[in-house]
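Trainee: my_file14.cif is reproduced in full below (mmCIF, C-alpha atoms and all ligand atoms).
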```
data_upload
loop_
_atom_site.label_atom_id
_atom_site.label_comp_id
_atom_site.auth_asym_id
_atom_site.auth_seq_id
_atom_site.Cartn_x
_atom_site.Cartn_y
_atom_site.Cartn_z
CA MET A 1021 -58.47 -1.00 55.66
CA LYS A 1022 -55.38 -3.18 55.78
CA GLN A 1023 -54.54 -5.34 58.80
CA LEU A 1024 -51.68 -4.45 61.11
CA ASN A 1025 -49.05 -7.11 61.72
CA LYS A 1026 -46.74 -7.77 64.66
CA GLN A 1027 -43.69 -6.37 62.92
CA MET A 1028 -45.36 -2.99 63.03
CA VAL A 1029 -45.57 -2.86 66.82
CA GLY A 1030 -43.81 0.28 68.00
CA THR A 1031 -44.23 2.14 64.72
CA VAL A 1032 -45.00 5.80 65.29
CA VAL A 1033 -46.70 7.91 62.64
CA LYS A 1034 -47.64 11.51 62.22
CA THR A 1035 -50.88 12.22 60.38
CA ALA A 1036 -51.48 14.99 57.96
CA THR A 1037 -55.26 14.97 58.30
CA THR A 1038 -56.51 17.91 60.26
CA SER A 1039 -59.93 18.51 58.79
CA ARG A 1040 -62.85 16.75 57.19
CA SER A 1041 -61.49 17.52 53.78
CA ALA A 1042 -58.42 15.62 52.74
CA VAL A 1043 -57.67 12.00 53.32
CA GLY A 1044 -54.16 12.63 54.52
CA ALA A 1045 -51.12 10.50 54.86
CA ALA A 1046 -49.83 8.94 58.05
CA ILE A 1047 -46.10 8.69 57.72
CA ASP A 1048 -43.45 7.19 59.97
CA ALA A 1049 -39.97 8.66 60.52
CA SER A 1050 -38.62 7.00 57.41
CA GLY A 1051 -41.43 8.47 55.31
CA LYS A 1052 -43.44 5.27 54.87
CA ASP A 1053 -47.19 5.89 54.61
CA TYR A 1054 -49.48 3.86 56.90
CA ALA A 1055 -52.73 5.62 55.95
CA ASP A 1056 -54.19 2.37 54.58
CA TYR A 1057 -53.77 0.77 58.00
CA ILE A 1058 -55.58 3.47 59.96
CA SER A 1059 -59.23 4.38 59.87
CA TYR A 1060 -60.05 7.85 58.68
CA GLN A 1061 -61.63 8.71 62.02
CA VAL A 1062 -58.51 7.85 63.99
CA ARG A 1063 -56.27 9.73 61.62
CA ARG A 1064 -58.45 12.82 61.76
CA ASN A 1065 -58.64 12.84 65.55
CA ALA A 1066 -54.91 12.51 65.85
CA GLY A 1067 -54.36 15.27 63.35
CA GLN A 1068 -56.71 17.62 65.11
CA ARG A 1069 -55.13 17.01 68.49
CA ASN A 1070 -51.69 17.20 66.95
CA SER A 1071 -50.73 13.89 68.48
CA ALA A 1072 -48.86 11.01 66.92
CA LEU A 1073 -50.09 7.43 66.61
CA LYS A 1074 -48.25 4.34 67.71
CA VAL A 1075 -48.93 0.66 67.06
CA ILE A 1076 -49.29 -1.22 70.32
CA GLU A 1077 -50.09 -4.79 71.19
CA LEU A 1078 -52.89 -5.38 73.67
CA PRO A 1079 -52.60 -8.15 76.27
CA ASN A 1080 -54.94 -10.30 74.19
CA GLY A 1081 -52.62 -10.00 71.22
CA ASP A 1082 -54.69 -7.52 69.27
CA LEU A 1083 -52.86 -4.73 67.51
CA LYS A 1084 -54.15 -1.19 67.54
CA TRP A 1085 -53.18 2.44 67.06
CA ARG A 1086 -52.82 4.50 70.20
CA SER A 1087 -52.61 8.25 70.34
CA VAL A 1088 -49.23 9.35 71.79
CA PRO A 1089 -47.55 12.75 72.25
CA MET A 1090 -45.87 14.16 69.16
CA SER A 1091 -42.55 13.99 71.03
CA GLU A 1092 -42.60 10.23 70.43
CA PHE A 1093 -42.58 10.80 66.73
CA ASP A 1094 -39.71 13.29 67.10
CA LYS A 1095 -37.84 10.70 69.09
CA SER A 1096 -38.26 8.07 66.42
CA GLU A 1097 -37.01 10.56 63.88
CA ARG A 1098 -33.92 11.27 65.94
CA ALA A 1099 -33.29 7.59 66.45
CA LEU A 1100 -33.38 7.05 62.74
CA ALA A 1101 -31.05 9.97 62.17
CA SER A 1102 -28.28 8.41 64.19
CA GLU A 1103 -28.46 4.75 63.43
CA GLU A 1104 -26.23 3.59 66.27
CA VAL A 1105 -28.73 4.91 68.73
CA VAL A 1106 -31.31 2.40 67.54
CA ASN A 1107 -29.47 -0.49 69.08
CA VAL A 1108 -27.74 1.18 71.97
CA PRO A 1109 -27.13 -1.19 74.85
CA SER A 1110 -28.15 0.46 78.09
CA GLU A 1111 -24.54 0.84 79.29
CA GLN A 1112 -23.67 2.69 76.13
CA GLN A 1113 -26.74 4.85 76.55
CA GLU A 1114 -25.61 5.78 80.05
CA MET A 1115 -22.19 6.64 78.73
CA LEU A 1116 -23.68 8.80 75.99
CA ASP A 1117 -25.95 10.56 78.42
CA PHE A 1118 -23.08 11.21 80.80
CA ILE A 1119 -20.78 12.60 78.13
CA HIS A 1120 -23.37 14.80 76.50
CA SER A 1121 -24.74 16.22 79.71
CA SER A 1122 -21.31 16.68 81.24
CA TYR A 1123 -20.89 20.34 80.38
CA SER A 1124 -22.76 21.13 83.58
CA LEU A 1125 -19.89 19.52 85.48
CA LYS A 1126 -17.42 22.07 84.15
CA PRO A 1127 -16.78 24.68 86.83
CA ARG A 1128 -17.99 28.13 85.90
CA SER A 1129 -14.54 29.54 86.59
CA LEU A 1130 -12.94 27.45 83.86
CA VAL A 1131 -13.32 28.79 80.34
CA MET A 1132 -13.36 25.89 77.94
CA ASN A 1133 -15.77 25.36 75.08
CA GLU A 1134 -18.35 22.62 75.23
CA LEU A 1135 -16.89 20.40 72.52
CA LYS A 1136 -13.44 20.40 74.12
CA TRP A 1137 -14.83 19.71 77.55
CA LYS A 1138 -16.95 16.84 76.26
CA HIS A 1139 -13.96 15.44 74.41
CA LEU A 1140 -12.03 15.60 77.66
CA ILE A 1141 -14.76 13.77 79.57
CA ARG A 1142 -15.20 11.26 76.76
CA SER A 1143 -11.50 10.48 76.61
CA ALA A 1144 -11.43 9.96 80.35
CA VAL A 1145 -14.45 7.66 80.54
CA ARG A 1146 -13.08 5.70 77.60
CA GLY A 1147 -9.82 5.16 79.46
CA LYS A 1148 -7.65 7.13 77.04
CA ASN A 1149 -4.46 8.75 78.23
CA ILE A 1150 -5.00 12.47 77.93
CA MET A 1151 -2.40 15.15 77.29
CA MET A 1152 -3.46 18.74 77.85
CA THR A 1153 -1.50 21.13 75.67
CA GLY A 1154 -1.57 24.87 75.12
CA SER A 1155 0.52 27.87 76.02
CA ALA A 1156 1.67 28.82 79.50
CA GLY A 1157 -1.06 29.83 81.91
CA SER A 1158 -3.86 28.81 79.58
CA GLY A 1159 -5.66 26.56 82.02
CA LYS A 1160 -4.13 23.15 81.32
CA THR A 1161 -3.65 22.23 84.94
CA MET A 1162 -6.95 23.81 85.87
CA ALA A 1163 -8.84 21.79 83.24
CA ALA A 1164 -7.09 18.59 84.29
CA LYS A 1165 -8.02 19.18 87.92
CA ALA A 1166 -11.58 20.06 86.96
CA LEU A 1167 -11.82 16.77 85.09
CA VAL A 1168 -10.50 14.84 88.06
CA LYS A 1169 -13.15 16.49 90.20
CA ALA A 1170 -15.98 16.04 87.70
CA LEU A 1171 -15.46 12.31 87.46
CA ASP A 1172 -15.94 11.60 91.12
CA ARG A 1173 -13.40 8.79 91.12
CA PRO A 1174 -10.37 8.22 93.34
CA ASP A 1175 -7.77 10.72 92.25
CA TYR A 1176 -4.04 11.20 92.57
CA VAL A 1177 -1.97 14.20 91.60
CA PHE A 1178 1.74 14.06 90.78
CA ASN A 1179 3.71 17.14 89.91
CA MET A 1180 6.18 15.58 87.51
CA GLY A 1181 7.94 18.88 86.84
CA ALA A 1182 9.12 19.00 90.42
CA THR A 1183 10.44 15.47 90.72
CA GLN A 1184 14.18 15.24 90.84
CA ASP A 1185 14.22 11.53 91.50
CA PRO A 1186 11.72 9.78 89.21
CA ARG A 1187 12.48 6.31 90.53
CA SER A 1188 11.51 7.12 94.07
CA THR A 1189 8.44 9.10 93.00
CA LEU A 1190 7.13 6.48 90.59
CA ILE A 1191 8.41 3.26 92.05
CA GLY A 1192 9.62 3.76 95.59
CA ASN A 1193 12.71 3.43 97.69
CA VAL A 1194 14.69 0.35 98.45
CA GLN A 1195 14.92 0.07 102.21
CA PHE A 1196 16.94 -2.14 104.44
CA ASN A 1197 16.63 -3.28 107.98
CA PRO A 1198 18.33 -6.25 109.67
CA GLU A 1199 15.12 -8.21 110.29
CA ALA A 1200 13.37 -7.79 106.99
CA GLY A 1201 16.40 -7.45 104.82
CA THR A 1202 15.99 -5.42 101.67
CA TRP A 1203 12.49 -4.36 100.71
CA LEU A 1204 10.80 -1.81 98.56
CA SER A 1205 8.86 0.94 100.19
CA GLU A 1206 6.34 1.55 97.45
CA SER A 1207 5.58 5.00 96.14
CA LEU A 1208 2.16 6.62 96.16
CA PHE A 1209 2.18 6.15 92.40
CA VAL A 1210 2.31 2.37 92.84
CA LYS A 1211 -0.75 2.60 95.04
CA ALA A 1212 -2.47 4.93 92.56
CA ILE A 1213 -2.11 2.63 89.57
CA GLN A 1214 -3.45 -0.29 91.58
CA THR A 1215 -6.62 1.59 92.46
CA PRO A 1216 -9.41 0.56 90.07
CA GLY A 1217 -10.99 3.54 88.34
CA ALA A 1218 -8.39 5.99 89.61
CA VAL A 1219 -7.78 9.23 87.73
CA ILE A 1220 -4.09 10.02 87.84
CA LEU A 1221 -2.88 13.51 87.04
CA LEU A 1222 0.69 13.77 85.83
CA ASP A 1223 1.13 17.52 85.89
CA GLU A 1224 3.94 19.07 83.83
CA LEU A 1225 4.94 15.71 82.42
CA THR A 1226 6.99 17.36 79.68
CA ARG A 1227 9.25 18.86 82.32
CA ALA A 1228 9.87 15.55 84.00
CA HIS A 1229 13.24 13.85 83.99
CA PRO A 1230 13.61 11.56 80.94
CA ASP A 1231 13.98 8.63 83.37
CA ALA A 1232 10.39 9.27 84.35
CA TRP A 1233 9.30 8.95 80.75
CA ASN A 1234 11.09 5.62 80.44
CA ILE A 1235 9.43 4.30 83.55
CA LEU A 1236 6.03 5.50 82.35
CA MET A 1237 6.32 4.14 78.82
CA PRO A 1238 4.93 0.64 79.51
CA VAL A 1239 2.49 2.01 82.10
CA LEU A 1240 0.86 4.22 79.49
CA ASP A 1241 0.96 1.70 76.67
CA GLN A 1242 -2.51 0.25 76.12
CA GLY A 1243 -0.98 -3.08 75.20
CA GLN A 1244 1.20 -3.31 78.29
CA ARG A 1245 -0.19 -1.29 81.18
CA TYR A 1246 2.31 -2.37 83.78
CA LEU A 1247 4.98 -0.78 85.90
CA ARG A 1248 8.34 -2.48 85.97
CA LEU A 1249 9.72 -2.33 89.49
CA ASP A 1250 13.24 -2.99 88.47
CA GLU A 1251 14.33 -1.87 85.07
CA LYS A 1252 17.58 -3.77 85.06
CA GLU A 1253 16.79 -7.22 86.27
CA ASP A 1254 13.49 -7.65 84.48
CA GLN A 1255 11.90 -8.42 87.79
CA ALA A 1256 8.45 -7.96 89.18
CA THR A 1257 5.85 -5.85 87.43
CA ILE A 1258 2.69 -4.27 88.76
CA ASN A 1259 -0.35 -4.16 86.53
CA VAL A 1260 -2.38 -1.03 86.10
CA ALA A 1261 -5.83 -1.66 87.57
CA LYS A 1262 -8.99 -1.63 85.51
CA GLY A 1263 -10.45 1.71 84.55
CA VAL A 1264 -7.41 3.79 85.49
CA THR A 1265 -7.21 7.04 83.51
CA PHE A 1266 -4.08 9.13 83.11
CA ILE A 1267 -4.21 12.80 82.40
CA ALA A 1268 -1.00 14.70 81.80
CA THR A 1269 -0.22 18.33 81.11
CA ALA A 1270 2.42 19.52 78.71
CA ASN A 1271 4.43 22.67 78.63
CA ILE A 1272 5.48 22.44 75.04
CA GLY A 1273 6.60 25.56 73.27
CA ASN A 1274 9.59 27.73 72.96
CA GLU A 1275 8.69 29.78 76.01
CA TYR A 1276 10.01 27.03 78.22
CA THR A 1277 13.64 26.25 78.05
CA ALA A 1278 13.30 23.85 80.96
CA THR A 1279 10.89 21.81 78.90
CA ARG A 1280 12.50 18.96 77.13
CA ALA A 1281 10.90 17.96 73.89
CA LEU A 1282 8.65 15.11 74.89
CA ASP A 1283 9.66 11.89 73.31
CA LYS A 1284 7.55 11.12 70.26
CA ALA A 1285 7.01 7.57 71.48
CA LEU A 1286 5.58 8.82 74.74
CA LEU A 1287 3.48 11.51 73.10
CA ASP A 1288 1.98 8.88 70.79
CA ARG A 1289 0.39 7.22 73.78
CA PHE A 1290 -1.82 10.20 74.45
CA THR A 1291 -4.96 11.80 73.11
CA THR A 1292 -4.11 15.49 72.90
CA ILE A 1293 -6.51 18.19 73.99
CA GLU A 1294 -5.39 21.73 73.37
CA MET A 1295 -6.46 24.64 75.55
CA ASP A 1296 -7.48 27.60 73.42
CA LEU A 1297 -6.33 31.12 74.05
CA LEU A 1298 -9.24 33.19 75.25
CA ASN A 1299 -10.41 36.08 73.12
CA ASP A 1300 -10.89 39.49 74.77
CA GLU A 1301 -14.57 38.92 75.39
CA GLU A 1302 -14.11 35.55 77.06
CA GLU A 1303 -11.27 36.98 79.06
CA SER A 1304 -13.19 39.97 80.37
CA ASP A 1305 -16.18 37.75 81.18
CA LEU A 1306 -13.89 35.51 83.20
CA LEU A 1307 -12.30 38.45 85.04
CA ALA A 1308 -15.70 40.00 85.74
CA TYR A 1309 -16.91 36.67 87.09
CA MET A 1310 -13.87 36.28 89.31
CA PHE A 1311 -13.71 39.89 90.47
CA PRO A 1312 -17.24 41.27 90.51
CA HIS A 1313 -16.12 44.20 92.68
CA VAL A 1314 -13.58 45.54 90.24
CA GLN A 1315 -14.80 48.07 87.69
CA THR A 1316 -15.68 46.27 84.49
CA THR A 1317 -14.18 49.00 82.32
CA VAL A 1318 -10.76 48.39 83.86
CA LEU A 1319 -11.17 44.64 83.55
CA ASN A 1320 -12.08 45.09 79.90
CA ASP A 1321 -8.87 47.03 79.44
CA VAL A 1322 -6.87 44.23 81.01
CA ALA A 1323 -8.53 41.75 78.68
CA LYS A 1324 -7.83 43.97 75.68
CA ILE A 1325 -4.20 44.45 76.60
CA ALA A 1326 -3.76 40.70 76.94
CA HIS A 1327 -5.58 40.13 73.68
CA LEU A 1328 -3.44 42.62 71.76
CA THR A 1329 -0.24 41.01 72.99
CA ARG A 1330 -1.54 37.58 71.98
CA ILE A 1331 -2.45 38.74 68.52
CA GLU A 1332 0.98 40.29 68.13
CA SER A 1333 2.73 37.09 69.20
CA LEU A 1334 0.85 35.19 66.50
CA ASN A 1335 2.01 37.56 63.78
CA GLU A 1336 4.36 36.35 61.12
CA SER A 1337 7.18 38.49 62.40
CA PRO A 1338 6.06 39.29 65.92
CA ARG A 1339 7.60 41.97 68.10
CA ILE A 1340 7.01 39.77 71.12
CA ASP A 1341 7.24 35.99 71.36
CA ASN A 1342 4.47 35.42 73.85
CA GLY A 1343 1.24 37.10 74.67
CA ILE A 1344 0.13 37.87 78.20
CA SER A 1345 -1.39 34.70 79.62
CA THR A 1346 -4.75 34.33 81.27
CA ARG A 1347 -2.86 33.51 84.45
CA THR A 1348 -1.27 36.97 84.27
CA SER A 1349 -4.52 38.77 83.57
CA VAL A 1350 -6.12 37.04 86.53
CA GLU A 1351 -3.16 38.16 88.63
CA ILE A 1352 -3.59 41.74 87.42
CA ALA A 1353 -7.28 41.69 88.23
CA GLY A 1354 -6.40 40.44 91.70
CA LEU A 1355 -4.02 43.37 92.18
CA LEU A 1356 -6.70 45.79 90.99
CA TYR A 1357 -9.05 44.27 93.52
CA ASP A 1358 -6.45 44.93 96.20
CA GLY A 1359 -6.24 48.59 95.28
CA PHE A 1360 -3.29 48.67 92.92
CA SER A 1361 -3.62 50.76 89.80
CA LEU A 1362 -3.39 49.33 86.33
CA VAL A 1363 -0.02 51.08 85.90
CA GLU A 1364 1.30 49.44 89.04
CA ALA A 1365 -0.16 46.04 88.23
CA ALA A 1366 1.42 46.13 84.78
CA GLU A 1367 4.73 47.16 86.29
CA ILE A 1368 4.72 44.22 88.67
CA THR A 1369 3.29 41.44 86.58
CA ILE A 1370 3.68 42.18 82.89
CA TYR A 1371 6.95 43.99 82.30
CA PRO A 1372 9.24 41.53 84.06
CA GLN A 1373 8.06 38.90 81.59
CA TYR A 1374 9.44 40.85 78.66
CA ASP A 1375 13.04 41.36 77.75
CA ALA A 1376 14.20 44.94 78.12
CA SER A 1377 17.35 44.63 76.06
CA GLY A 1378 17.37 46.64 72.87
CA GLY A 1379 15.90 49.79 74.41
CA VAL A 1380 13.21 51.27 72.22
CA ASP A 1381 13.14 48.10 70.13
CA SER A 1382 12.82 45.79 73.09
CA GLU A 1383 9.89 43.52 73.78
CA ARG A 1384 9.27 45.42 76.96
CA THR A 1385 8.97 48.75 75.23
CA PHE A 1386 6.51 47.28 72.80
CA VAL A 1387 4.32 45.90 75.57
CA LYS A 1388 4.57 49.16 77.52
CA GLN A 1389 3.24 50.97 74.50
CA ILE A 1390 0.23 48.68 74.36
CA VAL A 1391 -0.47 49.13 78.05
CA GLN A 1392 -0.10 52.87 77.77
CA LYS A 1393 -2.98 53.10 75.34
CA PHE A 1394 -5.25 52.03 78.16
CA ILE A 1395 -3.88 54.17 80.90
CA ASN A 1396 -5.45 57.50 81.60
CA ASP A 1397 -3.87 59.02 84.66
CA GLY A 1398 -5.28 62.46 84.05
CA SER A 1399 -2.02 63.96 82.90
CA ASP A 1400 -0.65 64.18 79.43
CA GLU A 1401 2.64 62.84 80.57
CA GLU A 1402 3.95 59.81 78.79
CA LEU A 1403 4.14 56.72 80.96
CA PHE A 1404 7.79 56.39 80.19
CA THR A 1405 10.31 58.64 78.57
CA GLU A 1406 13.03 58.07 76.05
CA ALA A 1407 15.56 58.27 78.88
CA GLU A 1408 13.78 55.56 80.84
CA MET A 1409 13.66 53.34 77.82
CA ASP A 1410 17.36 53.74 77.32
CA SER A 1411 18.06 52.92 80.92
CA ASP A 1412 16.08 49.68 80.48
CA ALA A 1413 18.52 48.52 77.89
N1 LIG B 1501 -9.13 28.76 80.35
C1 LIG B 1501 -9.09 29.30 81.57
N2 LIG B 1501 -10.22 29.48 82.27
C2 LIG B 1501 -10.18 30.03 83.48
N3 LIG B 1501 -9.08 30.43 84.11
C3 LIG B 1501 -7.93 30.30 83.47
C4 LIG B 1501 -7.87 29.71 82.17
N4 LIG B 1501 -6.58 29.70 81.78
C5 LIG B 1501 -5.88 30.23 82.78
N5 LIG B 1501 -6.67 30.58 83.81
C6 LIG B 1501 -6.22 31.22 85.06
O1 LIG B 1501 -4.81 31.09 85.07
C7 LIG B 1501 -4.38 30.33 86.18
C8 LIG B 1501 -3.31 29.38 85.73
O2 LIG B 1501 -3.88 28.31 84.99
P1 LIG B 1501 -3.17 26.89 84.90
O3 LIG B 1501 -2.27 26.69 86.04
O4 LIG B 1501 -4.21 25.88 84.68
O5 LIG B 1501 -2.32 27.08 83.57
P2 LIG B 1501 -1.38 26.06 82.84
O6 LIG B 1501 -1.81 26.04 81.43
O7 LIG B 1501 -1.35 24.77 83.57
O8 LIG B 1501 0.00 26.82 82.95
P3 LIG B 1501 1.51 26.23 82.88
O9 LIG B 1501 1.81 26.08 81.43
O10 LIG B 1501 2.33 27.31 83.49
O11 LIG B 1501 1.53 24.96 83.62
C9 LIG B 1501 -5.60 29.64 86.70
O12 LIG B 1501 -5.53 29.51 88.10
C10 LIG B 1501 -6.72 30.57 86.30
O13 LIG B 1501 -6.90 31.59 87.24
MG MG B 1502 0.18 23.79 84.55
#
```
How does this structure look as structure tokens?
Ligand SMILES: Nc1ncnc2c1ncn2[C@@H]1O[C@H](COP(=O)(O)OP(=O)(O)OP(=O)(O)O)[C@@H](O)[C@H]1O
Ligand SMILES: [Mg+2]

Mentor:
Amino acid sequence: MKQLNKQMVGTVVKTATTSRSAVGAAIDASGKDYADYISYQVRRNAGQRNSALKVIELPNGDLKWRSVPMSEFDKSERALASEEVVNVPSEQQEMLDFIHSSYSLKPRSLVMNELKWKHLIRSAVRGKNIMMTGSAGSGKTMAAKALVKALDRPDYVFNMGATQDPRSTLIGNVQFNPEAGTWLSESLFVKAIQTPGAVILLDELTRAHPDAWNILMPVLDQGQRYLRLDEKEDQATINVAKGVTFIATANIGNEYTATRALDKALLDRFTTIEMDLLNDEEESDLLAYMFPHVQTTVLNDVAKIAHLTRIESLNESPRIDNGISTRTSVEIAGLLYDGFSLVEAAEITIYPQYDASGGVDSERTFVKQIVQKFINDGSDEELFTEAEMDSDA
């Protein structure tokens, strides 16, 4: 039998010897055979107990094989499979563990697949600027807020779409009183960026005033990361504190006329994460989860209606520009819960979103036809008549 040496400490092998018969191999994760270094007896015992063997060093310096659970061998195999893991510093290991176990932090009410969610968490813990994209009512704001909550760090929310005066929202107001003279009353945003580790949500950033984008440009630039208090005079700047993460939401897409095309330069500063449209199954699961007291058959219909409109909007020459959003289906389900019928809920929430001009060829007529397929009011009467359609025009 060959002698073990110190370099072998920690080696884990799996033996192939389970009976008296064969003199089996004892291979490590990389496939190297250590049979010559292990007595037959030890190999056989390990094989019969289905345990692995590991080289350890005794306090007196002697080296020997110890029987360890097979999971140790599996672990060494995994470590070999992803080479970075072999030399992971403990901080990195913590980061990895956090990212890859983070799916449990996603609220049940948010539908987002595991990879996307983990990418979101990863981008945040790596200090990237994140831009949530996706169509209207697809959960961008919801996902951003869920992230803010999951991270358990100081958080600040700014609705950029609603700000008319970007300077006062992002920088502050110049004040004057006779004793103090002129001074700047700093905005909440100034406080936010000076808070180490803060997560700052810039909701509806694409709808913000272009002045806001200009002010944010250096703030979001990894090489600059400061806020200029006075654009003109090249005065004081405030540095963004360590570990601050920005997460923005975009409303890009032709459905929003109020949305200005976000400057390419600004967009470049973000990692983009797109919210997917839910398929009918995901949608009805969500509705059933949110409204357990509403009949599932009706909720399924709502999900199917939404799904059909989405598919249509993705067609090459679609009859409607936009599908019904998840926000709208949740609204419909809420109305059903409050005793409204599907016909009524559709009337209130869906139809107003579709243009009625063009009569029978209108978007609204098309959507009505889809809805009608799912409505069974007991009569054979059509939901709407030709005359009604004409009057819509
Ligand atoms: N992926 C989703 N998972 C769960 N709920 C969703 C999802 N998408 C939309 N919803 C529902 O729709 C509502 C609106 O979502 P949210 O405000 O996040 O959309 P948004 O993408 O930010 O829309 P907008 O483009 O109008 O800003 C949510 O409150 C939720 O009920
Ligand atoms: Mg939003």

Trainee: I want to know what sits within 10 Å of region 1066-1068 of chain A, based on only C-alpha atoms, with residues of the same chain fewer than 6 positions away left out; could you give that as a ChimeraX atom specification?

Mentor: /A:1033-1039,1044,1046,1060,1086-1090

Trainee: Quick one: axis-aligned box around all listed atoms of region 1079-1082 of chain A, 3 Å on every side, centre and edge lengths in Å to one decimal, written as JSON.

Mentor:
```
{"center_x": -53.8, "center_y": -8.9, "center_z": 72.8, "size_x": 8.3, "size_y": 8.8, "size_z": 13.0}
```

Trainee: Between A:Arg1347, A:Arg1098, A:His1120, A:Lys1393, which is the closest to Gly1157 (chain A) once you count all atoms listed in the file?

Mentor: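 Smallest separation from Gly1157 (chain A) among the options: A:Arg1347.
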
Trainee: Using all atoms listed in the file, which residues have at least one atom no more than 10 Å from ligand LIG 1501 (chain B)? Output them as a ChimeraX atom specification.

Mentor: /A:1127-1133,1152-1166,1181,1223-1225,1227,1269-1273,1275-1276,1294-1298,1302-1303,1306-1307,1310,1345-1351,1354

Trainee: In Å to one decimal, how far is CA of Arg1245 (chain A) from CA of Leu1221 (chain A)?

Mentor: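 Result for CA of Leu1221 (chain A) versus CA of Arg1245 (chain A): 16.1 Å, one decimal.
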
Trainee: Between A:Met1151, A:Ile1390, A:Leu1078, A:Ala1353, single out the one closest to ligand MG 1502 (chain B), counting only C-alpha atoms and all ligand atoms.

Mentor: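 Ranking A:Met1151, A:Ile1390, A:Leu1078, A:Ala1353 by distance to ligand MG 1502 (chain B), first place goes to A:Met1151.
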
Trainee: What's the separation between CA of Ile1119 (chain A) and CA of Asp1094 (chain A), in Å to one decimal place?

Mentor: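 CA of Asp1094 (chain A) lies 21.9 Å from CA of Ile1119 (chain A).
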
Trainee: Please measure the separation of CA of Asp1305 (chain A) and CA of Ile1293 (chain A), giving the value in Å to one decimal.

Mentor: 23.0 Å

Trainee: Given only C-alpha atoms and all ligand atoms as the basis, pick out the residue of A:Ala1268, A:Ala1376, A:Val1322, A:Ile1344 nearest to ligand MG 1502 (chain B).

Mentor: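 For ligand MG 1502 (chain B), the nearest of the given residues is A:Ala1268.
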
Trainee: Looking at only C-alpha atoms and all ligand atoms, which of A:Ala1049, A:Met1021, A:Ala1182, A:Val1062 is the one that sits closest to ligand MG 1502 (chain B)?

Mentor: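 Of A:Ala1049, A:Met1021, A:Ala1182, A:Val1062, the one nearest ligand MG 1502 (chain B) is A:Ala1182, counting only C-alpha atoms and all ligand atoms.
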
Trainee: Excluding Ser1121 (chain A) and its own-chain neighbours fewer than 4 positions away, which residues fall within 12 Å of it when counting all atoms listed in the file? Please give them as a count of residues only.

Mentor: 14

Trainee: Which one of A:Ala1308, A:Val1032, A:Ala1144, A:Ala1323 sits closest to Ser1071 (chain A) if you count only C-alpha atoms?

Mentor: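 Closest candidate: A:Val1032.
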
Trainee: Take the point (14.1, 10.4, 91.0) in the file's coordinates, draw a sphere of radius 12 Å around it, and report as a list in words every protein, DNA or RNA residue with an atom inside or on it, counting only C-alpha atoms.

Mentor: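 Within 12 Å of (14.1, 10.4, 91.0), the protein and nucleic acid residues are Met1180, Gly1181, Ala1182, Thr1183, Gln1184, Asp1185, Pro1186, Arg1187, Ser1188, Thr1189, Leu1190, Ile1191, Gly1192, Asn1193, Ser1207, Ala1228, His1229, Pro1230, Asp1231, Ala1232, Trp1233, Asn1234 and Ile1235 of chain A.
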
Trainee: Rank A:Leu1236, A:Arg1339, A:Gly1081, A:Asp1358 by their smallest atom-to-atom distance to Asp1375 (chain A), using only C-alpha atoms, and report the top residue only.

Mentor: A:Arg1339

Trainee: Show me, as an mmCIF file with C-alpha atoms, keeping the file's coordinate frame, the residues that have an atom within 10 Å of Leu1083 (chain A) when counting all atoms listed in the file, minus same-chain residues fewer than 2 positions from it.

Mentor:
```cif
data_model
loop_
_atom_site.group_PDB
_atom_site.id
_atom_site.type_symbol
_atom_site.label_atom_id
_atom_site.label_comp_id
_atom_site.auth_asym_id
_atom_site.auth_seq_id
_atom_site.Cartn_x
_atom_site.Cartn_y
_atom_site.Cartn_z
ATOM 1 C CA GLN A 1023 -54.540 -5.340 58.800
ATOM 2 C CA LEU A 1024 -51.680 -4.450 61.110
ATOM 3 C CA ASN A 1025 -49.050 -7.110 61.720
ATOM 4 C CA LYS A 1026 -46.740 -7.770 64.660
ATOM 5 C CA MET A 1028 -45.360 -2.990 63.030
ATOM 6 C CA VAL A 1029 -45.570 -2.860 66.820
ATOM 7 C CA VAL A 1075 -48.930 0.660 67.060
ATOM 8 C CA ILE A 1076 -49.290 -1.220 70.320
ATOM 9 C CA GLU A 1077 -50.090 -4.790 71.190
ATOM 10 C CA LEU A 1078 -52.890 -5.380 73.670
ATOM 11 C CA PRO A 1079 -52.600 -8.150 76.270
ATOM 12 C CA ASN A 1080 -54.940 -10.300 74.190
ATOM 13 C CA GLY A 1081 -52.620 -10.000 71.220
ATOM 14 C CA TRP A 1085 -53.180 2.440 67.060
ATOM 15 C CA ARG A 1086 -52.820 4.500 70.200
#
```

Trainee: Phe1266 (chain A): which residues within 12 Å, counting all atoms listed in the file, same-chain residues fewer than 5 positions away excluded, as a PyMOL selection string?

Mentor: chain A and resi 1140+1143-1152+1164-1165+1167-1168+1175-1178+1209+1212-1213+1217-1223+1225+1236+1239-1242+1245+1260-1261+1289-1291
